[in-house]
Amino acid sequence: MLSHLKKIRVVTSIIFVIFTSILFLDITGNWTRSLPEKVLFFQFVPSFLEFINIKSVAAIGFIIIILATLFSGRVYCSTICPLGMLQDIVIYTKRKLLKRSKRKKLRFDFQPAFNWVRYSILTVVIVTFLFGNIFLLYTLDPYSNYGRILTHLVKPIVIGINNIISSLLVMLDNYSVSPSTFNNVDVFTIVFALIVLFIVMLFSYKHGRFFCNTLCPVGAFLGLLSKFSLFKIVVNNDTCISCGACETVCKSECIDTKNEYVDFTRCVSCFNCFDVCPTHGLKYEFQPAKLLNKKEPKVKIKEPNQERRSFLLSIAAYTLTLTGISYAQNKIEVYKKNKIPVIRPNPITPPGSIGIDHFTDSCTACQLCISACPTHVLQPSFLEYGFLGMMVPMMNNKIGFCDYECTICSEVCPTNAIQPIDKEKKKLTQIGKAIFIKDNCVVHTQGTACGACSEHCPTKAVVMVPYKNNLKIPEVNEKICIGCGACEFACPTIPYKAIYVESNIVHAKAEPPKEEKIEEKVDFSEDFPF
Amino acid sequence: MNRRKFFKNSFGAGMAAFTALSFGSAPKLLSNVRKSENNMIYDLAAIKGGEPDVMFDKAIQAVGGIERFVKKNQVVVIKPNIGWNAEPERAANTNPKLVGRVVKRCYDAGAKDVYVFDHTCDNWQLCYSNSSIEEAVKNAGGKMVPGNSKSYYQEVTVSGGKSLKQVSVHELILESDVFINIPVLKDHNSVELSIAMKNLMGTVWDRRFWHRNNLQQCIADFPTYRKPDLNIIDAYSVMKKNGPKGISKNDCVIYKSQIISPDIVAADTAAARLFGSNPEDIDYIKIADEMGVGTMNLKNLSISRIKI
């Protein structure tokens with residue numbers, strides 16, 4: 001029975017990681033609508049934050065994980081956690097690659113725990129959380145890190161492959177695969193994801209699940225809980241022959257066969273040990289709150305060697321090149337550059353996020369909304385929310401604008417930082433207000449017609465009113481403006497926009513657009529007017 | 001060398017042989033042109049009182065039938081207005097029934113491929129699907145092509161242009177044999193009306209350049225580079241205010257009309273009159289007329305006026 005546990009774990013984890021990855025890598029938009037609620041239900045940190053928000057059974061995924069941990073240990077870490085799966089993939093690949101030549105390198109050895117590191121990180125994360133900031137929580141949360149790695153490092157590769165296929169097909173006059181664009185302009189998020197990926201891959205290459213037992217706050221928290229697990233994995237002193245087989249496959253390096261001891265707080269329930277044990281020398285034992293009284297032997301751990309991985313560098317180079325999207329125009333223009341810079345004091349948050357405070361209190365910057373946003377208006381922030389809000393999404397009207405009919409970010413958000421919002425409510429939610437700068441406007445500076453802002457305005461909060469020489473110039477009615485940013489996006493002036501959206505720190509309610517039925521009856525039998 | 005030419009150079013010989021085998025004799029194109037009841041080919045046809053697809057089938061005969069414009073084995077590109085994420089009732093985009101019928105008639109006339117695209121203002125996938133145009137085109141056997149990717153656009157020189165001297169145009173416009181323009185007639189907040197010439201803004205990459213550099217002049221400049229072979233103006237439901245995007249279907253009035261002409265300026269002039277505007281008040285129509293893109297003088301044209 002115990003030897004089957006590994007197979008069950010492997011299959012479950014593969015299902016979870018595939019569906020979680022599809023969410024972030026989907027460039028068709030077909031999957032992201034239906035999957036998130038089902039797939040992300042058990043993600044510990046998002047579920048916890050969602051529960052704080054809505055206090056409903058719809059968000060009890062993390063409670064189930066806690067109960068499962070109290071029953072038999074950290075099952076989350078080896079089945080549901082996508083960053084754990086990423087590490088398992090590294091370990092598996094290493095094993096396959098090194099199989100013949102360097103057999104010795106494949107082995108894991110028992111290492112002592114870095115308890116002071118993991119528990120102090122956990123303490124600081126909890127303390128900062130209680131003080132109302134979740135920056136440390138989301139920078140260390142394994143799910144959110146996985147989201148950032150996929151969104152900013154893997155998705156560009158998917159898009160690249162898609163675009164190569166697309167252009168090959170176009171050569172054959174086939175337009176069935178459409179090219180995608182990679183729009184992230186925030187280099188910090190990419191560098192951050194890259195650093196995390198590097199650390200995670202290096203740690204897992206050298207010492208298995210070392211990340212999970214030192215830096216990860218979820219790992220530390222569940223590790224603490226697993227001290228009180230009803231069932232724990234222990235060495236069966238009657239049958240164990242101290243052959244060391246389990247120790248060499250233990251990714252957490254928490255089995256000490258010499259002393260016949262398992263540090264269950266670090267065990268990620270991968271069940272590799274059961275799989276290799278020739279004598280049933282390990283077992284689950286009913287051990288409620290048994291103190292782990294065996295003394296841990298002192299073993300020195302070698303410092304991780306800072307080896308450089310050329311493939312990582314090439315990923316870095318590729319990603320950075322992709323960010324260099326150029327909007328430069330080389331054409332000869334008669335247009336005179338305008339002079340008044342646009343200064344936006346606060347970032348704009350998406351409809352459903354209530355306001356900056358609510359949004360930054362709950363958002364783990366997992367980037368799922370950014371991945372799902374069809375217009376790419378949602379982009380990671382740099383310092384717009386302050387240092388302790390880095391990477392949290394914001395509306396970037398240079399890249400796109402919020403589609404009037406779209407609510408997908410609120411549908412996918414796993415933490416309820418963006419609360420579900422229906423279309424009708426969204427259309428009246430004012431996330432900001434358009435501000436018109438006449439001195440930057442084409443109509444004023446060039447004396448020619450434009451109206452791009454008003455064209456794009458979904459509520460006609462921006463209308464064109466008579467100006468000199470039969471021209472029309474924009475005018476904003478703030479009451480019906482919802483701050484979608486279409487006007488700002490469409491505004492053609494350079495280098496500064498002539499219309500921009502100023503954020504509502506707390507979202508307001510806009511008045512509905514003015515609709516009037518037109519009284520005009522057309523008589524189809526009448527003659528043509530020409 | 002562009003991509004299509006690369007392909008054609010490699011396989012050109014094979015394709016030619018295949019074509020010769022498939023069709024045997026040269027198609028007798030001219031004899032295929034069906035004429036209207038009184039055997040006359042008009043410069044412009046105006047029709048009212050029917051469904052969009054029915055009106056097209058009738059009115060196209062007055063300008064010489066679809067066979068006059070689409071010859072056997074030709075590649076056709078159709079440019080409807082699909083600029084906005086709006087359902088068909090709001091008439092912000094061209095009527096899907098009309099687009100679907102035109103695609104079908106192109107194939108009936110022997111077209112090899114019929115491509116449909118627009119460089120949309122809203123997200124292109126949402127526009128394509130919510131306008132119902134994607135569905136209509138696919139049902140008729142046509143191919144929807146994205147217009148959202150810069151890689152599809154190639155820079156050309158507009159030698160006749162005054163403000164617009166250089167522009168990046170979708171490759172389908174450059175490489176197709178036949179270019180059919182199917183705009184929707186609607187109100188426009190800054191240039192009064194959006195009709196056939198304005199619709200061509202959706203074939204270029206950088207619209208902001210137009211907006212910065214005398215929009216009216218740029219609209220008239222572009223057709224000096226490439227005029228559509230045929231303009232079919234959808235005036236079934238007409239957005240009378242809040243254009244070009246509109247707020248709701250309350251902005252629209254049912255006109256059940258359509259205007260067809262190879263002359264883009266004449267088509268815009270007639271459509272403006274239909275709307276109730278004076279074409280003299282619309283700068284880009286006047287400029288285009290002065291530049292010789294087409295004629296505003298409807299009196300000099302033969303016009304077929306049909307009521308159903």
# chains A, B, ... in the order shown; residues from 1 in each chain; ligands from 1

$ residues_around --residues "Tyr467 (chain A)" --least-positions-apart "6" --cutoff "10 Å" --atoms "only C-alpha atoms" --output "count of residues only"
5

$ interface_residues --of "chain A" --to "chain B" --cutoff "8 Å" --atoms "only C-alpha atoms" --output "PyMOL selection string"
chain A and resi 170-173+175-176+178-181+331+333-335+374-375+403+405+442+446+448-452+454-460+463-464+471-472+490-493+513+515-518+520-522+524-525+528-530

$ atom_distance --atom1 "CA of Cys270 (chain A)" --atom2 "CA of Tyr138 (chain A)"
24.9 Å

$ closest_residue --among "B:Val77, B:Cys127, B:Leu230, B:Ile60" --to "Glu171 (chain B)" --atoms "only C-alpha atoms"
B:Val77

$ residues_around --residues "Phe188 (chain A)" --least-positions-apart "3" --cutoff "9 Å" --atoms "only C-alpha atoms" --output "list in words"
Val191, Phe192, Ala193, Pro380, Ser381, Phe382, Met390 and Met391 of chain A

$ residues_around --residues "Gln87 (chain A)" --least-positions-apart "5" --cutoff "12 Å" --atoms "only C-alpha atoms" --output "short mmCIF file (atom, residue, chain, number, x, y, z; two decimals) with C-alpha atoms, in the first residue's frame"
data_model
loop_
_atom_site.label_atom_id
_atom_site.label_comp_id
_atom_site.auth_asym_id
_atom_site.auth_seq_id
_atom_site.Cartn_x
_atom_site.Cartn_y
_atom_site.Cartn_z
CA VAL A 17 0.87 21.63 -12.34
CA CYS A 77 4.19 20.66 -0.91
CA SER A 78 4.40 17.68 -3.22
CA CYS A 81 2.42 23.59 -4.87
CA PRO A 82 3.50 24.43 -8.43
CA TYR A 92 14.07 14.51 -12.07
CA THR A 93 15.89 16.03 -15.05
CA LYS A 94 19.19 16.03 -13.18
CA PRO A 142 5.56 29.69 -3.81
CA TYR A 146 5.52 30.33 -9.90
CA VAL A 196 13.80 33.48 -7.88
CA LEU A 197 13.99 30.96 -10.69
CA PHE A 198 17.77 30.89 -10.41
CA ILE A 199 17.70 30.39 -6.63
CA VAL A 200 15.01 27.72 -6.82
CA MET A 201 16.77 25.81 -9.60
CA LEU A 202 20.18 26.04 -7.95
CA PHE A 203 18.86 24.91 -4.57
CA SER A 204 16.91 22.05 -6.04
CA TYR A 205 19.86 20.96 -8.16
CA LYS A 206 22.15 20.90 -5.15
CA HIS A 207 19.92 20.03 -2.22
CA GLY A 208 16.44 19.01 -3.39
CA ARG A 209 13.68 20.81 -1.55
CA PHE A 210 16.09 23.13 0.26
CA PHE A 211 14.06 26.20 -0.77
CA CYS A 212 10.91 24.74 0.80
CA LYS A 251 14.51 15.38 -1.61
CA SER A 252 14.16 17.14 1.71
CA VAL A 268 7.26 17.14 1.82
#

$ atom_distance --atom1 "CA of Ala136 (chain B)" --atom2 "CA of Ala91 (chain B)"
15.5 Å

$ atom_distance --atom1 "CA of Pro350 (chain A)" --atom2 "CA of Pro46 (chain A)"
18.1 Å

$ select_by_dssp --residues "region 99-194 of chain B" --states "helix (DSSP H, G or I)" --output "PyMOL selection string"
chain B and resi 99-108+124-130+133-139+150-152+171-175

$ write_last_selection --atoms "N, CA, C and O atoms" --output "short mmCIF file (atom, residue, chain, number, x, y, z; two decimals), in the first residue's frame"
data_model
loop_
_atom_site.label_atom_id
_atom_site.label_comp_id
_atom_site.auth_asym_id
_atom_site.auth_seq_id
_atom_site.Cartn_x
_atom_site.Cartn_y
_atom_site.Cartn_z
N VAL B 99 -21.57 41.10 -44.91
CA VAL B 99 -20.20 40.65 -45.13
C VAL B 99 -20.20 39.19 -45.57
O VAL B 99 -19.52 38.81 -46.53
N GLY B 100 -20.99 38.39 -44.87
CA GLY B 100 -21.06 36.97 -45.20
C GLY B 100 -21.52 36.76 -46.65
O GLY B 100 -20.95 35.93 -47.38
N ARG B 101 -22.52 37.54 -47.09
CA ARG B 101 -23.04 37.37 -48.44
C ARG B 101 -22.00 37.78 -49.48
O ARG B 101 -21.84 37.11 -50.51
N VAL B 102 -21.27 38.86 -49.23
CA VAL B 102 -20.25 39.30 -50.18
C VAL B 102 -19.15 38.23 -50.31
O VAL B 102 -18.71 37.91 -51.42
N VAL B 103 -18.75 37.65 -49.17
CA VAL B 103 -17.74 36.59 -49.22
C VAL B 103 -18.24 35.45 -50.11
O VAL B 103 -17.52 34.95 -50.98
N LYS B 104 -19.50 35.08 -49.89
CA LYS B 104 -20.05 33.96 -50.65
C LYS B 104 -20.08 34.27 -52.15
O LYS B 104 -19.70 33.44 -52.97
N ARG B 105 -20.50 35.49 -52.48
CA ARG B 105 -20.59 35.87 -53.90
C ARG B 105 -19.20 35.90 -54.56
O ARG B 105 -19.06 35.61 -55.75
N CYS B 106 -18.18 36.26 -53.78
CA CYS B 106 -16.81 36.25 -54.33
C CYS B 106 -16.41 34.83 -54.70
O CYS B 106 -15.83 34.58 -55.75
N TYR B 107 -16.74 33.90 -53.82
CA TYR B 107 -16.42 32.50 -54.14
C TYR B 107 -17.25 32.02 -55.33
O TYR B 107 -16.74 31.30 -56.19
N ASP B 108 -18.52 32.44 -55.37
CA ASP B 108 -19.37 32.06 -56.51
C ASP B 108 -18.74 32.53 -57.82
O ASP B 108 -18.85 31.86 -58.85
N TRP B 124 -8.94 42.84 -30.74
CA TRP B 124 -9.40 42.29 -32.03
C TRP B 124 -10.19 41.00 -31.90
O TRP B 124 -11.17 40.77 -32.63
N GLN B 125 -9.82 40.14 -30.94
CA GLN B 125 -10.56 38.88 -30.81
C GLN B 125 -12.00 39.14 -30.38
O GLN B 125 -12.94 38.54 -30.88
N LEU B 126 -12.14 40.07 -29.41
CA LEU B 126 -13.48 40.42 -28.94
C LEU B 126 -14.30 41.06 -30.07
O LEU B 126 -15.49 40.77 -30.22
N CYS B 127 -13.65 41.92 -30.86
CA CYS B 127 -14.35 42.57 -31.97
C CYS B 127 -14.80 41.53 -33.00
O CYS B 127 -15.96 41.54 -33.44
N TYR B 128 -13.87 40.67 -33.39
CA TYR B 128 -14.19 39.68 -34.43
C TYR B 128 -15.37 38.82 -34.01
O TYR B 128 -16.28 38.56 -34.80
N SER B 129 -15.35 38.35 -32.74
CA SER B 129 -16.41 37.42 -32.35
C SER B 129 -17.70 38.16 -32.01
O SER B 129 -18.77 37.75 -32.46
N ASN B 130 -17.64 39.26 -31.24
CA ASN B 130 -18.88 39.91 -30.81
C ASN B 130 -19.60 40.67 -31.92
O ASN B 130 -20.79 40.95 -31.81
N ILE B 133 -19.13 38.96 -37.17
CA ILE B 133 -18.57 38.94 -38.53
C ILE B 133 -17.71 37.69 -38.74
O ILE B 133 -17.77 37.05 -39.79
N GLU B 134 -16.95 37.33 -37.69
CA GLU B 134 -16.12 36.14 -37.80
C GLU B 134 -16.95 34.92 -38.20
O GLU B 134 -16.63 34.17 -39.12
N GLU B 135 -18.08 34.75 -37.48
CA GLU B 135 -18.95 33.61 -37.72
C GLU B 135 -19.51 33.65 -39.15
O GLU B 135 -19.48 32.64 -39.87
N ALA B 136 -19.98 34.83 -39.55
CA ALA B 136 -20.59 34.96 -40.88
C ALA B 136 -19.57 34.66 -41.99
O ALA B 136 -19.88 33.99 -42.97
N VAL B 137 -18.34 35.15 -41.80
CA VAL B 137 -17.30 34.95 -42.82
C VAL B 137 -16.92 33.47 -42.90
O VAL B 137 -16.81 32.89 -43.98
N LYS B 138 -16.77 32.85 -41.73
CA LYS B 138 -16.38 31.44 -41.72
C LYS B 138 -17.47 30.57 -42.33
O LYS B 138 -17.19 29.62 -43.06
N ASN B 139 -18.74 30.91 -42.02
CA ASN B 139 -19.84 30.13 -42.59
C ASN B 139 -19.87 30.24 -44.11
O ASN B 139 -20.31 29.32 -44.80
N LYS B 150 2.04 43.88 -35.99
CA LYS B 150 2.84 44.76 -36.84
C LYS B 150 3.55 43.98 -37.94
O LYS B 150 3.88 44.53 -38.99
N SER B 151 3.79 42.69 -37.69
CA SER B 151 4.52 41.90 -38.68
C SER B 151 3.77 41.77 -40.01
O SER B 151 4.35 41.43 -41.03
N TYR B 152 2.46 42.03 -39.98
CA TYR B 152 1.68 41.93 -41.22
C TYR B 152 1.75 43.21 -42.06
O TYR B 152 1.19 43.28 -43.14
N GLU B 171 -0.36 43.60 -45.40
CA GLU B 171 0.14 42.95 -46.61
C GLU B 171 -0.97 42.43 -47.52
O GLU B 171 -0.78 42.34 -48.73
N LEU B 172 -2.12 42.12 -46.94
CA LEU B 172 -3.21 41.62 -47.80
C LEU B 172 -3.68 42.69 -48.77
O LEU B 172 -4.08 42.39 -49.90
N ILE B 173 -3.64 43.95 -48.35
CA ILE B 173 -4.04 45.04 -49.23
C ILE B 173 -3.03 45.15 -50.39
O ILE B 173 -3.38 45.42 -51.54
N LEU B 174 -1.77 44.90 -50.08
CA LEU B 174 -0.72 45.03 -51.08
C LEU B 174 -0.71 43.86 -52.06
O LEU B 174 -0.34 44.01 -53.22
N GLU B 175 -1.09 42.68 -51.57
CA GLU B 175 -0.85 41.48 -52.37
C GLU B 175 -2.08 40.87 -52.99
O GLU B 175 -1.97 40.01 -53.86
#

$ closest_residue --among "A:Cys246, A:Ala68, A:Ile18, A:Ile54" --to "Pro420 (chain A)" --atoms "only C-alpha atoms"
A:Ile54

$ residues_around --residues "Glu37 (chain A)" --least-positions-apart "2" --cutoff "9 Å" --atoms "only C-alpha atoms" --output "PyMOL selection string"
chain A and resi 34-35+39-41+411-414

$ write_last_selection --atoms "all heavy atoms" --output "PDB file, in the first residue's frame"
ATOM      1  N   SER A  34     -12.625  29.432 -17.316  1.00  0.00           N
ATOM      2  CA  SER A  34     -13.336  28.366 -16.617  1.00  0.00           C
ATOM      3  C   SER A  34     -12.507  27.692 -15.518  1.00  0.00           C
ATOM      4  O   SER A  34     -13.063  27.138 -14.584  1.00  0.00           O
ATOM      5  CB  SER A  34     -13.781  27.319 -17.632  1.00  0.00           C
ATOM      6  OG  SER A  34     -12.690  26.986 -18.466  1.00  0.00           O
ATOM      7  N   LEU A  35     -11.192  27.748 -15.637  1.00  0.00           N
ATOM      8  CA  LEU A  35     -10.373  26.932 -14.743  1.00  0.00           C
ATOM      9  C   LEU A  35     -10.065  27.467 -13.340  1.00  0.00           C
ATOM     10  O   LEU A  35     -10.015  26.678 -12.406  1.00  0.00           O
ATOM     11  CB  LEU A  35      -9.036  26.630 -15.436  1.00  0.00           C
ATOM     12  CG  LEU A  35      -9.034  25.483 -16.445  1.00  0.00           C
ATOM     13  CD1 LEU A  35      -7.650  25.350 -17.046  1.00  0.00           C
ATOM     14  CD2 LEU A  35      -9.420  24.179 -15.790  1.00  0.00           C
ATOM     15  N   VAL A  39      -8.923  25.038 -10.077  1.00  0.00           N
ATOM     16  CA  VAL A  39      -7.517  24.675  -9.961  1.00  0.00           C
ATOM     17  C   VAL A  39      -6.828  25.368  -8.782  1.00  0.00           C
ATOM     18  O   VAL A  39      -5.971  24.801  -8.130  1.00  0.00           O
ATOM     19  CB  VAL A  39      -6.771  25.019 -11.268  1.00  0.00           C
ATOM     20  CG1 VAL A  39      -5.310  24.650 -11.165  1.00  0.00           C
ATOM     21  CG2 VAL A  39      -7.408  24.287 -12.421  1.00  0.00           C
ATOM     22  N   LEU A  40      -7.231  26.593  -8.505  1.00  0.00           N
ATOM     23  CA  LEU A  40      -6.499  27.360  -7.503  1.00  0.00           C
ATOM     24  C   LEU A  40      -7.137  27.310  -6.115  1.00  0.00           C
ATOM     25  O   LEU A  40      -6.688  27.960  -5.189  1.00  0.00           O
ATOM     26  CB  LEU A  40      -6.355  28.822  -7.964  1.00  0.00           C
ATOM     27  CG  LEU A  40      -5.646  29.000  -9.309  1.00  0.00           C
ATOM     28  CD1 LEU A  40      -5.519  30.465  -9.662  1.00  0.00           C
ATOM     29  CD2 LEU A  40      -4.263  28.361  -9.296  1.00  0.00           C
ATOM     30  N   PHE A  41      -8.180  26.488  -5.989  1.00  0.00           N
ATOM     31  CA  PHE A  41      -8.903  26.408  -4.721  1.00  0.00           C
ATOM     32  C   PHE A  41      -7.988  26.074  -3.548  1.00  0.00           C
ATOM     33  O   PHE A  41      -8.111  26.617  -2.465  1.00  0.00           O
ATOM     34  CB  PHE A  41     -10.018  25.364  -4.863  1.00  0.00           C
ATOM     35  CG  PHE A  41     -10.833  25.162  -3.619  1.00  0.00           C
ATOM     36  CD1 PHE A  41     -11.756  26.126  -3.227  1.00  0.00           C
ATOM     37  CD2 PHE A  41     -10.673  24.021  -2.831  1.00  0.00           C
ATOM     38  CE1 PHE A  41     -12.512  25.947  -2.078  1.00  0.00           C
ATOM     39  CE2 PHE A  41     -11.426  23.847  -1.683  1.00  0.00           C
ATOM     40  CZ  PHE A  41     -12.345  24.804  -1.302  1.00  0.00           C
ATOM     41  N   GLU A 411     -12.724  37.626 -12.656  1.00  0.00           N
ATOM     42  CA  GLU A 411     -13.103  36.213 -12.657  1.00  0.00           C
ATOM     43  C   GLU A 411     -11.937  35.320 -12.265  1.00  0.00           C
ATOM     44  O   GLU A 411     -12.110  34.277 -11.650  1.00  0.00           O
ATOM     45  CB  GLU A 411     -13.611  35.789 -14.041  1.00  0.00           C
ATOM     46  CG  GLU A 411     -14.966  36.370 -14.394  1.00  0.00           C
ATOM     47  CD  GLU A 411     -15.261  36.209 -15.881  1.00  0.00           C
ATOM     48  OE1 GLU A 411     -15.035  35.125 -16.426  1.00  0.00           O
ATOM     49  OE2 GLU A 411     -15.717  37.207 -16.495  1.00  0.00           O
ATOM     50  N   VAL A 412     -10.709  35.708 -12.625  1.00  0.00           N
ATOM     51  CA  VAL A 412      -9.584  34.802 -12.392  1.00  0.00           C
ATOM     52  C   VAL A 412      -8.877  35.042 -11.065  1.00  0.00           C
ATOM     53  O   VAL A 412      -8.174  34.166 -10.575  1.00  0.00           O
ATOM     54  CB  VAL A 412      -8.534  34.875 -13.531  1.00  0.00           C
ATOM     55  CG1 VAL A 412      -9.156  34.497 -14.853  1.00  0.00           C
ATOM     56  CG2 VAL A 412      -7.871  36.232 -13.597  1.00  0.00           C
ATOM     57  N   CYS A 413      -9.050  36.209 -10.456  1.00  0.00           N
ATOM     58  CA  CYS A 413      -8.255  36.540  -9.265  1.00  0.00           C
ATOM     59  C   CYS A 413      -8.475  35.516  -8.154  1.00  0.00           C
ATOM     60  O   CYS A 413      -9.601  35.328  -7.689  1.00  0.00           O
ATOM     61  CB  CYS A 413      -8.604  37.935  -8.742  1.00  0.00           C
ATOM     62  SG  CYS A 413      -7.649  38.353  -7.269  1.00  0.00           S
ATOM     63  N   PRO A 414      -7.409  34.837  -7.699  1.00  0.00           N
ATOM     64  CA  PRO A 414      -7.593  33.799  -6.694  1.00  0.00           C
ATOM     65  C   PRO A 414      -7.680  34.321  -5.262  1.00  0.00           C
ATOM     66  O   PRO A 414      -8.027  33.579  -4.361  1.00  0.00           O
ATOM     67  CB  PRO A 414      -6.352  32.917  -6.865  1.00  0.00           C
ATOM     68  CG  PRO A 414      -5.309  33.832  -7.393  1.00  0.00           C
ATOM     69  CD  PRO A 414      -6.021  34.889  -8.189  1.00  0.00           C
TER      70      PRO A 414
END

$ residues_around --residues "Pro347 (chain A)" --least-positions-apart "6" --cutoff "12 Å" --atoms "only C-alpha atoms" --output "PyMOL selection string"
chain A and resi 355-357+359-360+378-386+389-390+392-397+431-432+483+501-506

$ residues_around --residues "region 56-58 of chain B" --least-positions-apart "3" --cutoff "9 Å" --atoms "only C-alpha atoms" --output "JSON list (two decimals) with C-alpha atoms, in the first residue's frame"
[["chain", "number", "residue", "atom", "x", "y", "z"],
["B", 36, "SER", "CA", -28.99, 44.72, -64.92],
["B", 47, "ILE", "CA", -31.06, 50.50, -52.87],
["B", 51, "GLU", "CA", -32.39, 42.88, -45.87],
["B", 52, "PRO", "CA", -28.65, 43.62, -46.27],
["B", 53, "ASP", "CA", -27.82, 40.40, -48.14],
["B", 61, "GLN", "CA", -26.22, 43.69, -60.71],
["B", 62, "ALA", "CA", -26.70, 47.40, -61.43],
["B", 65, "GLY", "CA", -22.41, 42.06, -61.14],
["B", 66, "ILE", "CA", -19.73, 40.70, -58.84],
["B", 98, "LEU", "CA", -23.85, 41.62, -45.63],
["B", 101, "ARG", "CA", -23.04, 37.37, -48.44],
["B", 102, "VAL", "CA", -20.25, 39.30, -50.18],
["B", 105, "ARG", "CA", -20.59, 35.87, -53.90],
["B", 232, "ILE", "CA", -20.30, 48.58, -50.56],
["B", 258, "GLN", "CA", -27.11, 50.28, -49.24],
["B", 259, "ILE", "CA", -24.87, 52.11, -51.69],
["B", 260, "ILE", "CA", -22.49, 50.40, -54.09],
["B", 306, "ILE", "CA", -33.78, 50.70, -56.52]]

$ select_by_dssp --residues "region 10-257 of chain B" --states "strand (DSSP E or B)" --output "PyMOL selection string"
chain B and resi 44-48+75-80+113-116+143-144+153-157+166-170+178-182+184-188+192-194+204+230-239+252-257
